[in-house]
$ cat upload.tsv   # TSV, C-alpha atoms
chain	number	residue	atom	x	y	z
O	421	MET	CA	20.12	-1.29	14.31
O	422	ILE	CA	18.37	-1.52	10.95
O	423	HIS	CA	15.59	-4.09	10.57
O	424	LYS	CA	15.12	-5.26	7.00
O	425	LEU	CA	12.32	-7.40	5.61
O	426	VAL	CA	13.40	-9.57	2.69
O	427	PHE	CA	10.51	-10.87	0.58
O	428	MET	CA	11.36	-13.78	-1.72
O	429	THR	CA	8.84	-14.45	-4.49
O	430	GLU	CA	8.51	-16.95	-7.29
O	431	GLU	CA	7.86	-14.37	-10.02
O	432	THR	CA	8.07	-10.72	-11.00
O	433	SER	CA	4.31	-10.05	-10.86
O	434	MET	CA	4.37	-10.68	-7.08
O	435	GLU	CA	7.38	-8.35	-6.88
O	436	ALA	CA	5.36	-5.65	-8.68
O	437	PHE	CA	2.43	-6.17	-6.28
O	438	LEU	CA	4.65	-6.06	-3.17
O	439	ASN	CA	6.60	-2.97	-4.22
O	440	ILE	CA	3.34	-1.02	-4.34
O	441	ALA	CA	1.36	-2.72	-1.55
O	442	LEU	CA	4.11	-2.74	1.08
O	443	LYS	CA	4.61	1.02	0.79
O	444	ARG	CA	0.98	1.34	1.87
O	445	LEU	CA	1.01	-1.45	4.46
O	446	LEU	CA	4.34	-1.22	6.30
O	447	SER	CA	5.21	1.43	8.85
O	448	ASP	CA	7.73	3.98	7.60
O	449	ASN	CA	10.54	2.73	9.81
O	450	LEU	CA	10.51	-0.77	8.27
O	451	ASN	CA	12.83	-1.29	5.32
O	452	PHE	CA	12.07	-3.98	2.77
O	453	MET	CA	13.35	-5.47	-0.43
O	454	VAL	CA	11.78	-7.95	-2.82
O	455	ILE	CA	13.77	-10.67	-4.56
O	456	PRO	CA	11.84	-12.23	-7.46
O	457	HIS	CA	12.72	-15.62	-8.89
O	458	GLU	CA	12.09	-17.41	-12.15
O	459	GLY	CA	9.53	-19.89	-10.91
O	460	LYS	CA	9.02	-22.21	-7.97
O	461	GLN	CA	12.14	-24.33	-8.52
O	462	ASP	CA	14.37	-21.26	-8.71
O	463	LEU	CA	12.81	-19.91	-5.51
O	464	GLU	CA	13.23	-23.20	-3.66
O	465	LYS	CA	16.90	-23.49	-4.73
O	466	SER	CA	17.53	-19.92	-3.63
O	467	ILE	CA	15.96	-20.12	-0.16
O	468	PRO	CA	18.72	-22.05	1.66
O	469	ILE	CA	21.48	-20.13	-0.11
O	470	LYS	CA	20.17	-16.65	0.71
O	471	LEU	CA	18.96	-17.47	4.20
O	472	ARG	CA	22.38	-18.86	5.15
O	473	ALA	CA	24.33	-16.08	3.46
O	474	TRP	CA	22.46	-13.11	4.92
O	475	LYS	CA	23.51	-13.15	8.55
O	476	ASN	CA	22.22	-10.83	11.23
O	477	ASN	CA	24.87	-8.61	12.81
O	478	ASN	CA	25.15	-5.56	15.05
O	479	GLN	CA	24.03	-3.22	12.27
O	480	ILE	CA	21.28	-5.11	10.45
O	481	HIS	CA	18.69	-7.73	11.31
O	482	TYR	CA	17.00	-9.57	8.41
O	483	ARG	CA	13.57	-11.16	8.48
O	484	PHE	CA	12.64	-13.38	5.53
O	485	ILE	CA	9.15	-13.72	4.10
O	486	ILE	CA	8.66	-16.37	1.40
O	487	ILE	CA	5.62	-15.99	-0.87
O	488	ARG	CA	4.67	-18.70	-3.31
O	489	ASP	CA	1.56	-19.65	-5.32
O	490	LYS	CA	-0.26	-22.84	-4.43
O	491	ASP	CA	-1.33	-23.49	-8.04
O	492	SER	CA	-2.65	-27.06	-8.10
O	493	GLY	CA	-0.47	-28.30	-5.22
O	494	ASN	CA	-1.38	-29.11	-1.63
O	495	CYS	CA	-1.06	-25.93	0.45
O	496	VAL	CA	-0.14	-27.76	3.68
O	497	ILE	CA	2.61	-29.81	2.00
O	498	ILE	CA	4.01	-26.81	0.10
O	499	LYS	CA	4.14	-24.69	3.26
O	500	LYS	CA	5.70	-27.53	5.27
O	501	ASN	CA	8.41	-28.04	2.61
O	502	LEU	CA	9.21	-24.33	2.43
O	503	LYS	CA	9.35	-24.02	6.23
O	504	SER	CA	11.68	-27.04	6.28
O	505	LEU	CA	14.04	-25.30	3.81
O	506	CYS	CA	14.04	-22.22	6.06
O	507	THR	CA	14.69	-24.25	9.21
O	508	GLN	CA	17.53	-26.18	7.57
O	509	ALA	CA	19.09	-22.83	6.65
O	510	GLY	CA	18.94	-21.75	10.30
O	511	ARG	CA	15.98	-19.40	9.92
O	512	LYS	CA	13.07	-20.81	11.91
O	513	ASP	CA	11.65	-17.29	12.11
O	514	ALA	CA	11.07	-17.06	8.33
O	515	ILE	CA	7.44	-16.51	7.39
O	516	VAL	CA	5.88	-18.58	4.59
O	517	ILE	CA	2.77	-17.29	2.81
O	518	ILE	CA	0.93	-19.29	0.15
O	519	ALA	CA	-1.25	-17.44	-2.35
O	520	ILE	CA	-4.23	-19.69	-3.08
O	521	HIS	CA	-4.33	-20.46	-5.99
O	522	GLU	CA	-2.17	-17.63	-7.30
O	523	LEU	CA	-1.57	-13.90	-6.94
O	524	GLU	CA	-4.42	-13.18	-9.34
O	525	SER	CA	-6.83	-14.66	-6.76
O	526	TRP	CA	-5.93	-11.71	-4.54
O	527	PHE	CA	-6.82	-9.29	-7.35
O	528	ILE	CA	-10.12	-11.05	-8.06
O	529	GLY	CA	-10.88	-10.61	-4.37
O	530	ASP	CA	-11.34	-6.92	-5.17
O	531	LEU	CA	-13.39	-6.60	-8.35
O	532	LEU	CA	-13.88	-2.89	-7.65
O	533	ALA	CA	-10.11	-2.41	-8.06
O	534	ILE	CA	-10.20	-4.28	-11.39
O	535	GLU	CA	-13.20	-2.19	-12.44
O	536	ALA	CA	-11.37	1.05	-11.62
O	537	SER	CA	-8.12	-0.12	-13.25
O	538	TYR	CA	-9.71	-1.15	-16.53
O	539	LYS	CA	-12.80	1.09	-16.63
O	540	ILE	CA	-15.22	-1.88	-16.58
O	541	THR	CA	-18.60	-0.55	-15.54
O	542	GLY	CA	-20.51	-2.61	-12.95
O	543	LEU	CA	-17.92	-5.38	-12.51
O	544	HIS	CA	-17.89	-4.94	-8.72
O	545	LYS	CA	-21.53	-6.12	-8.57
O	546	LYS	CA	-20.32	-9.66	-9.38
O	547	GLN	CA	-18.21	-9.86	-6.20
O	548	TYR	CA	-20.98	-11.65	-4.29
O	549	LYS	CA	-21.77	-14.11	-7.07
O	550	ASN	CA	-19.98	-17.29	-8.06
O	551	PRO	CA	-17.13	-17.71	-8.75
O	552	TYR	CA	-16.02	-14.29	-7.46
O	553	ARG	CA	-17.46	-14.49	-3.94
O	554	ASN	CA	-14.67	-16.96	-3.07
O	555	PRO	CA	-11.71	-15.97	-5.25
O	556	ASP	CA	-9.45	-18.57	-3.62
O	557	SER	CA	-11.61	-21.30	-5.16
O	558	ILE	CA	-10.84	-20.14	-8.72
O	559	ALA	CA	-8.17	-22.57	-9.95
O	560	ASN	CA	-7.39	-20.54	-13.08
O	561	ALA	CA	-7.41	-17.05	-11.56
O	562	SER	CA	-4.82	-15.70	-14.00
O	563	GLU	CA	-6.96	-16.81	-16.93
O	564	GLN	CA	-10.08	-15.35	-15.28
O	565	LEU	CA	-8.31	-12.05	-14.71
O	566	PHE	CA	-7.26	-11.92	-18.36
O	567	LYS	CA	-10.90	-12.48	-19.41
O	568	LEU	CA	-11.98	-9.61	-17.18
O	569	SER	CA	-9.18	-7.15	-18.00
O	570	LYS	CA	-8.13	-8.20	-21.53
O	571	ASP	CA	-4.60	-7.48	-20.31
O	572	LYS	CA	-2.14	-10.36	-20.87
O	573	THR	CA	0.82	-8.77	-19.11
O	574	LYS	CA	0.94	-10.13	-15.56
O	575	VAL	CA	3.36	-7.50	-14.24
O	576	ALA	CA	1.43	-4.59	-15.78
O	577	ARG	CA	-1.82	-5.99	-14.36
O	578	ALA	CA	-0.23	-6.32	-10.92
O	579	ARG	CA	0.96	-2.71	-10.92
O	580	LYS	CA	-2.29	-1.32	-12.24
O	581	ILE	CA	-4.67	-3.23	-9.95
O	582	THR	CA	-2.57	-2.94	-6.78
O	583	LYS	CA	-2.74	0.86	-7.00
O	584	GLU	CA	-6.55	0.63	-6.82
O	585	MET	CA	-6.92	-2.13	-4.22
O	586	SER	CA	-8.83	-1.68	-0.98
O	587	PHE	CA	-6.97	-4.01	1.33
O	588	GLN	CA	-9.72	-4.06	3.94
O	589	GLU	CA	-12.52	-5.13	1.57
O	590	ASN	CA	-10.70	-7.95	-0.24
O	591	LYS	CA	-12.63	-11.27	-0.33
O	592	SER	CA	-9.61	-13.58	-0.67
O	593	CYS	CA	-8.89	-15.50	2.55
O	594	SER	CA	-5.26	-16.06	1.53
O	595	PHE	CA	-4.93	-12.30	0.97
O	596	LYS	CA	-6.36	-11.69	4.45
O	597	TYR	CA	-3.75	-14.10	5.82
O	598	PHE	CA	-1.03	-12.11	4.01
O	599	LEU	CA	-2.39	-8.91	5.60
O	600	SER	CA	-2.38	-10.50	9.07
O	601	LYS	CA	1.31	-11.39	8.68
O	602	ILE	CA	2.16	-7.86	7.53
O	603	LYS	CA	0.26	-6.48	10.54
O	604	GLU	CA	2.31	-8.75	12.83
O	605	LEU	CA	5.52	-7.43	11.28
O	606	ASN	CA	4.33	-3.85	11.78
O	607	THR	CA	3.54	-4.44	15.46
O	608	ASN	CA	6.68	-6.45	16.12
O	609	GLU	CA	9.35	-4.25	14.58
O	610	GLN	CA	12.08	-5.83	16.69
O	611	PHE	CA	11.59	-9.19	14.91
O	612	SER	CA	11.83	-11.10	18.17
$ encode --input "upload.tsv" --output "structure tokens"
Amino acid sequence: MIHKLVFMTEETSMEAFLNIALKRLLSDNLNFMVIPHEGKQDLEKSIPIKLRAWKNNNQIHYRFIIIRDKDSGNCVIIKKNLKSLCTQAGRKDAIVIIAIHELESWFIGDLLAIEASYKITGLHKKQYKNPYRNPDSIANASEQLFKLSKDKTKVARARKITKEMSFQENKSCSFKYFLSKIKELNTNEQFS
């Protein structure tokens, strides 16, 4: 039987991040695919449709992982609503991960990766100073990342920085939560 992880994201920059990061994080015998959406509303409309349509059978077993930015919303409420959509679609086992505040918070959690990606000398020294010591507290992380990198293209930034990231040293708590869920998937390949 083939076990396939299906990551559903709200945007293409998260897709770019996952396509690089998951190749480093997942064991070789786990297959994955990433389905990007055009924003939160598109993602939320798509969840029940895809989760109902993709049925497990004797040849393939799907496991869904939903990743969405918190932005200015309430993390607990957002996660509860997304889990409810999954449950209504018959997929209680779906995993919901909220990036706090947004994907760029995960990048800011590793200033050394940004430094290496954009050849910014000494940037990593700011990692233990405000606001970078707690990247999840930066409400405008995308704007902050643009100021640091001078790169406006979210997808290009995602590809470039992800290649340089040290997953173990990242300071973002929501990124560490993401890593813990990936570790669980690696250790539980049967998707019980």
$ closest_residue --input "upload.tsv" --among "O:Glu430, O:Asp448, O:Glu584, O:Asp462" --to "Leu531 in chain O" --atoms "all atoms listed in the file"
O:Glu584
$ axis_aligned_box --input "upload.tsv" --around "range 576-595 of chain O" --padding-each-side "8 Å" --output "AutoDock Vina command-line options"
--center_x -5.6 --center_y -7.6 --center_z -5.9 --size_x 30.1 --size_y 32.9 --size_z 35.7
$ residues_around --input "upload.tsv" --residues "Leu565 in chain O" --least-positions-apart "2" --cutoff "9 Å" --atoms "only C-alpha atoms" --output "PDB file with C-alpha atoms, in the coordinates of the input"
ATOM      1  CA  GLU O 524      -4.420 -13.180  -9.340  1.00  0.00           C
ATOM      2  CA  SER O 525      -6.830 -14.660  -6.760  1.00  0.00           C
ATOM      3  CA  PHE O 527      -6.820  -9.290  -7.350  1.00  0.00           C
ATOM      4  CA  ILE O 528     -10.120 -11.050  -8.060  1.00  0.00           C
ATOM      5  CA  ILE O 534     -10.200  -4.280 -11.390  1.00  0.00           C
ATOM      6  CA  ASN O 560      -7.390 -20.540 -13.080  1.00  0.00           C
ATOM      7  CA  ALA O 561      -7.410 -17.050 -11.560  1.00  0.00           C
ATOM      8  CA  SER O 562      -4.820 -15.700 -14.000  1.00  0.00           C
ATOM      9  CA  GLU O 563      -6.960 -16.810 -16.930  1.00  0.00           C
ATOM     10  CA  LYS O 567     -10.900 -12.480 -19.410  1.00  0.00           C
ATOM     11  CA  LEU O 568     -11.980  -9.610 -17.180  1.00  0.00           C
ATOM     12  CA  SER O 569      -9.180  -7.150 -18.000  1.00  0.00           C
ATOM     13  CA  LYS O 570      -8.130  -8.200 -21.530  1.00  0.00           C
ATOM     14  CA  ASP O 571      -4.600  -7.480 -20.310  1.00  0.00           C
ATOM     15  CA  LYS O 572      -2.140 -10.360 -20.870  1.00  0.00           C
ATOM     16  CA  ARG O 577      -1.820  -5.990 -14.360  1.00  0.00           C
TER      17      ARG O 577
END
$ residues_around --input "upload.tsv" --residues "range 589-593 of chain O" --least-positions-apart "2" --cutoff "6 Å" --atoms "only C-alpha atoms" --output "MDAnalysis selection string"
chainID O and resid 526 529:530 555:556 586:587 595:596
$ atom_distance --input "upload.tsv" --atom1 "CA of Ala578 in chain O" --atom2 "CA of Arg488 in chain O"
15.3 Å
$ closest_residue --input "upload.tsv" --among "O:Lys539, O:His423, O:Lys546, O:Lys499" --to "Glu464 in chain O" --atoms "only C-alpha atoms"
O:Lys499
$ closest_residue --input "upload.tsv" --among "O:Ile540, O:Leu442, O:Ile467, O:Ile520" --to "Ile558 in chain O" --atoms "all atoms listed in the file"
O:Ile520
$ atom_distance --input "upload.tsv" --atom1 "CA of Glu522 in chain O" --atom2 "CA of Ala576 in chain O"
16.0 Å
$ closest_residue --input "upload.tsv" --among "O:His481, O:Lys549, O:Lys490, O:Lys465" --to "Val426 in chain O" --atoms "only C-alpha atoms"
O:His481
$ residues_around --input "upload.tsv" --residues "Ala436 in chain O" --least-positions-apart "4" --cutoff "10 Å" --atoms "only C-alpha atoms" --output "list in words"
Glu431, Thr432, Ile440, Ala441, Val454, Pro456, Lys574, Val575, Ala576, Arg577, Ala578, Arg579, Lys580 and Thr582 of chain O
$ residues_around --input "upload.tsv" --residues "range 503-513 of chain O" --least-positions-apart "4" --cutoff "6 Å" --atoms "only C-alpha atoms" --output "PyMOL selection string"
chain O and resi 468+471-472
$ closest_residue --input "upload.tsv" --among "O:Ile480, O:Met434, O:Ile517, O:Met428" --to "Ser600 in chain O" --atoms "all atoms listed in the file"
O:Ile517
$ atom_distance --input "upload.tsv" --atom1 "CA of Val496 in chain O" --atom2 "CA of Asn550 in chain O"
25.3 Å
$ closest_residue --input "upload.tsv" --among "O:Leu605, O:Tyr538, O:Glu435, O:Leu543" --to "Ala514 in chain O" --atoms "only C-alpha atoms"
O:Leu605
$ residues_around --input "upload.tsv" --residues "Ser447 in chain O" --least-positions-apart "3" --cutoff "12 Å" --atoms "all atoms listed in the file" --output "list in words"
His423, Leu425, Ala441, Leu442, Lys443, Arg444, Leu450, Asn451, Phe452, Ile602, Lys603, Glu604, Leu605, Asn606, Thr607, Asn608 and Glu609 of chain O
$ decode --input "upload.tsv" --residues "range 460-599 of chain O" --atoms "C-alpha atoms" --output "mmCIF file, in the first residue's frame"
data_model
loop_
_atom_site.group_PDB
_atom_site.id
_atom_site.type_symbol
_atom_site.label_atom_id
_atom_site.label_comp_id
_atom_site.auth_asym_id
_atom_site.auth_seq_id
_atom_site.Cartn_x
_atom_site.Cartn_y
_atom_site.Cartn_z
ATOM 1 C CA LYS O 460 -7.819 31.425 2.949
ATOM 2 C CA GLN O 461 -11.352 31.375 1.530
ATOM 3 C CA ASP O 462 -10.294 29.221 -1.415
ATOM 4 C CA LEU O 463 -8.529 26.818 0.959
ATOM 5 C CA GLU O 464 -11.527 26.578 3.286
ATOM 6 C CA LYS O 465 -13.917 25.918 0.369
ATOM 7 C CA SER O 466 -11.586 23.240 -0.966
ATOM 8 C CA ILE O 467 -11.065 21.300 2.274
ATOM 9 C CA PRO O 468 -14.425 19.465 2.450
ATOM 10 C CA ILE O 469 -14.459 18.811 -1.301
ATOM 11 C CA LYS O 470 -10.992 17.256 -1.490
ATOM 12 C CA LEU O 471 -11.178 15.400 1.801
ATOM 13 C CA ARG O 472 -14.444 13.727 0.771
ATOM 14 C CA ALA O 473 -13.319 13.001 -2.782
ATOM 15 C CA TRP O 474 -9.960 11.407 -1.990
ATOM 16 C CA LYS O 475 -10.927 8.099 -0.440
ATOM 17 C CA ASN O 476 -8.524 5.577 1.005
ATOM 18 C CA ASN O 477 -8.540 2.207 -0.749
ATOM 19 C CA ASN O 478 -6.496 -0.993 -0.927
ATOM 20 C CA GLN O 479 -3.746 0.693 -2.940
ATOM 21 C CA ILE O 480 -3.394 4.157 -1.416
ATOM 22 C CA HIS O 481 -3.936 5.759 1.975
ATOM 23 C CA TYR O 482 -4.110 9.576 2.130
ATOM 24 C CA ARG O 483 -3.260 11.731 5.118
ATOM 25 C CA PHE O 484 -4.190 15.413 4.906
ATOM 26 C CA ILE O 485 -2.204 18.233 6.464
ATOM 27 C CA ILE O 486 -3.772 21.706 6.318
ATOM 28 C CA ILE O 487 -1.424 24.683 6.741
ATOM 29 C CA ARG O 488 -2.772 28.191 7.077
ATOM 30 C CA ASP O 489 -1.449 31.557 8.303
ATOM 31 C CA LYS O 490 -2.907 33.039 11.458
ATOM 32 C CA ASP O 491 -2.466 36.632 10.237
ATOM 33 C CA SER O 492 -4.462 38.792 12.659
ATOM 34 C CA GLY O 493 -7.003 36.084 13.553
ATOM 35 C CA ASN O 494 -7.372 34.012 16.700
ATOM 36 C CA CYS O 495 -5.238 30.872 16.352
ATOM 37 C CA VAL O 496 -7.502 28.709 18.539
ATOM 38 C CA ILE O 497 -10.658 29.682 16.634
ATOM 39 C CA ILE O 498 -9.012 29.273 13.222
ATOM 40 C CA LYS O 499 -7.685 25.823 14.121
ATOM 41 C CA LYS O 500 -11.037 24.764 15.597
ATOM 42 C CA ASN O 501 -12.881 25.865 12.431
ATOM 43 C CA LEU O 502 -10.443 24.063 10.137
ATOM 44 C CA LYS O 503 -10.590 20.879 12.243
ATOM 45 C CA SER O 504 -14.393 21.098 12.096
ATOM 46 C CA LEU O 505 -14.276 21.250 8.265
ATOM 47 C CA CYS O 506 -12.043 18.156 8.265
ATOM 48 C CA THR O 507 -14.289 16.257 10.680
ATOM 49 C CA GLN O 508 -17.416 17.116 8.684
ATOM 50 C CA ALA O 509 -15.663 15.712 5.608
ATOM 51 C CA GLY O 510 -15.023 12.448 7.455
ATOM 52 C CA ARG O 511 -11.323 13.051 8.103
ATOM 53 C CA LYS O 512 -10.812 13.386 11.849
ATOM 54 C CA ASP O 513 -7.192 12.349 11.328
ATOM 55 C CA ALA O 514 -6.350 15.484 9.299
ATOM 56 C CA ILE O 515 -3.614 17.605 10.839
ATOM 57 C CA VAL O 516 -4.054 21.382 11.065
ATOM 58 C CA ILE O 517 -0.993 23.607 11.433
ATOM 59 C CA ILE O 518 -1.220 27.377 11.901
ATOM 60 C CA ALA O 519 1.776 29.529 10.967
ATOM 61 C CA ILE O 520 1.896 32.384 13.471
ATOM 62 C CA HIS O 521 1.592 35.055 12.097
ATOM 63 C CA GLU O 522 2.592 33.906 8.626
ATOM 64 C CA LEU O 523 5.126 31.755 6.785
ATOM 65 C CA GLU O 524 7.638 34.605 6.860
ATOM 66 C CA SER O 525 7.742 34.284 10.668
ATOM 67 C CA TRP O 526 9.321 30.877 10.120
ATOM 68 C CA PHE O 527 11.999 32.443 7.908
ATOM 69 C CA ILE O 528 12.693 35.225 10.409
ATOM 70 C CA GLY O 529 13.207 32.469 12.966
ATOM 71 C CA ASP O 530 16.459 31.719 11.129
ATOM 72 C CA LEU O 531 18.225 35.000 10.375
ATOM 73 C CA LEU O 532 21.377 33.079 9.467
ATOM 74 C CA ALA O 533 19.477 31.520 6.541
ATOM 75 C CA ILE O 534 18.333 34.975 5.400
ATOM 76 C CA GLU O 535 21.906 36.240 5.782
ATOM 77 C CA ALA O 536 23.255 33.397 3.642
ATOM 78 C CA SER O 537 20.480 33.732 1.048
ATOM 79 C CA TYR O 538 20.912 37.464 0.537
ATOM 80 C CA LYS O 539 24.576 37.955 1.491
ATOM 81 C CA ILE O 540 23.716 40.262 4.432
ATOM 82 C CA THR O 541 26.760 40.377 6.681
ATOM 83 C CA GLY O 542 26.100 40.068 10.429
ATOM 84 C CA LEU O 543 22.299 39.761 10.246
ATOM 85 C CA HIS O 544 22.322 36.576 12.351
ATOM 86 C CA LYS O 545 23.608 38.589 15.342
ATOM 87 C CA LYS O 546 20.159 40.204 15.639
ATOM 88 C CA GLN O 547 18.446 36.843 16.296
ATOM 89 C CA TYR O 548 18.585 37.340 20.077
ATOM 90 C CA LYS O 549 17.364 40.934 19.989
ATOM 91 C CA ASN O 550 13.841 42.278 19.634
ATOM 92 C CA PRO O 551 11.819 41.739 17.534
ATOM 93 C CA TYR O 552 13.728 38.762 16.073
ATOM 94 C CA ARG O 553 14.163 36.719 19.257
ATOM 95 C CA ASN O 554 10.448 35.850 19.074
ATOM 96 C CA PRO O 555 9.583 35.826 15.362
ATOM 97 C CA ASP O 556 6.019 34.658 16.050
ATOM 98 C CA SER O 557 5.322 37.997 17.735
ATOM 99 C CA ILE O 558 6.049 39.958 14.529
ATOM 100 C CA ALA O 559 2.604 40.772 13.123
ATOM 101 C CA ASN O 560 3.976 42.023 9.798
ATOM 102 C CA ALA O 561 6.601 39.337 9.179
ATOM 103 C CA SER O 562 6.279 39.531 5.389
ATOM 104 C CA GLU O 563 6.956 43.260 5.487
ATOM 105 C CA GLN O 564 9.882 42.728 7.885
ATOM 106 C CA LEU O 565 11.340 40.073 5.604
ATOM 107 C CA PHE O 566 11.097 42.424 2.625
ATOM 108 C CA LYS O 567 12.976 45.108 4.609
ATOM 109 C CA LEU O 568 15.714 42.606 5.396
ATOM 110 C CA SER O 569 15.992 40.960 1.973
ATOM 111 C CA LYS O 570 14.811 43.712 -0.406
ATOM 112 C CA ASP O 571 13.111 40.878 -2.291
ATOM 113 C CA LYS O 572 9.388 41.454 -2.947
ATOM 114 C CA THR O 573 8.676 38.076 -4.518
ATOM 115 C CA LYS O 574 7.246 35.810 -1.812
ATOM 116 C CA VAL O 575 7.719 32.573 -3.757
ATOM 117 C CA ALA O 576 11.312 33.398 -4.738
ATOM 118 C CA ARG O 577 12.092 34.323 -1.122
ATOM 119 C CA ALA O 578 10.579 31.054 0.089
ATOM 120 C CA ARG O 579 12.682 28.973 -2.298
ATOM 121 C CA LYS O 580 15.873 30.861 -1.605
ATOM 122 C CA ILE O 581 15.654 30.940 2.204
ATOM 123 C CA THR O 582 14.337 27.380 2.643
ATOM 124 C CA LYS O 583 17.443 26.008 0.924
ATOM 125 C CA GLU O 584 19.582 27.661 3.619
ATOM 126 C CA MET O 585 17.430 26.962 6.688
ATOM 127 C CA SER O 586 18.695 25.069 9.713
ATOM 128 C CA PHE O 587 15.535 23.419 10.955
ATOM 129 C CA GLN O 588 16.974 22.610 14.377
ATOM 130 C CA GLU O 589 18.034 26.177 15.226
ATOM 131 C CA ASN O 590 14.856 28.002 14.195
ATOM 132 C CA LYS O 591 13.442 30.354 16.878
ATOM 133 C CA SER O 592 9.798 30.265 15.729
ATOM 134 C CA CYS O 593 7.589 28.239 18.088
ATOM 135 C CA SER O 594 5.004 27.666 15.344
ATOM 136 C CA PHE O 595 7.798 26.346 13.105
ATOM 137 C CA LYS O 596 8.876 23.981 15.891
ATOM 138 C CA TYR O 597 5.267 22.773 16.108
ATOM 139 C CA PHE O 598 5.313 22.144 12.337
ATOM 140 C CA LEU O 599 8.533 20.126 12.767
#
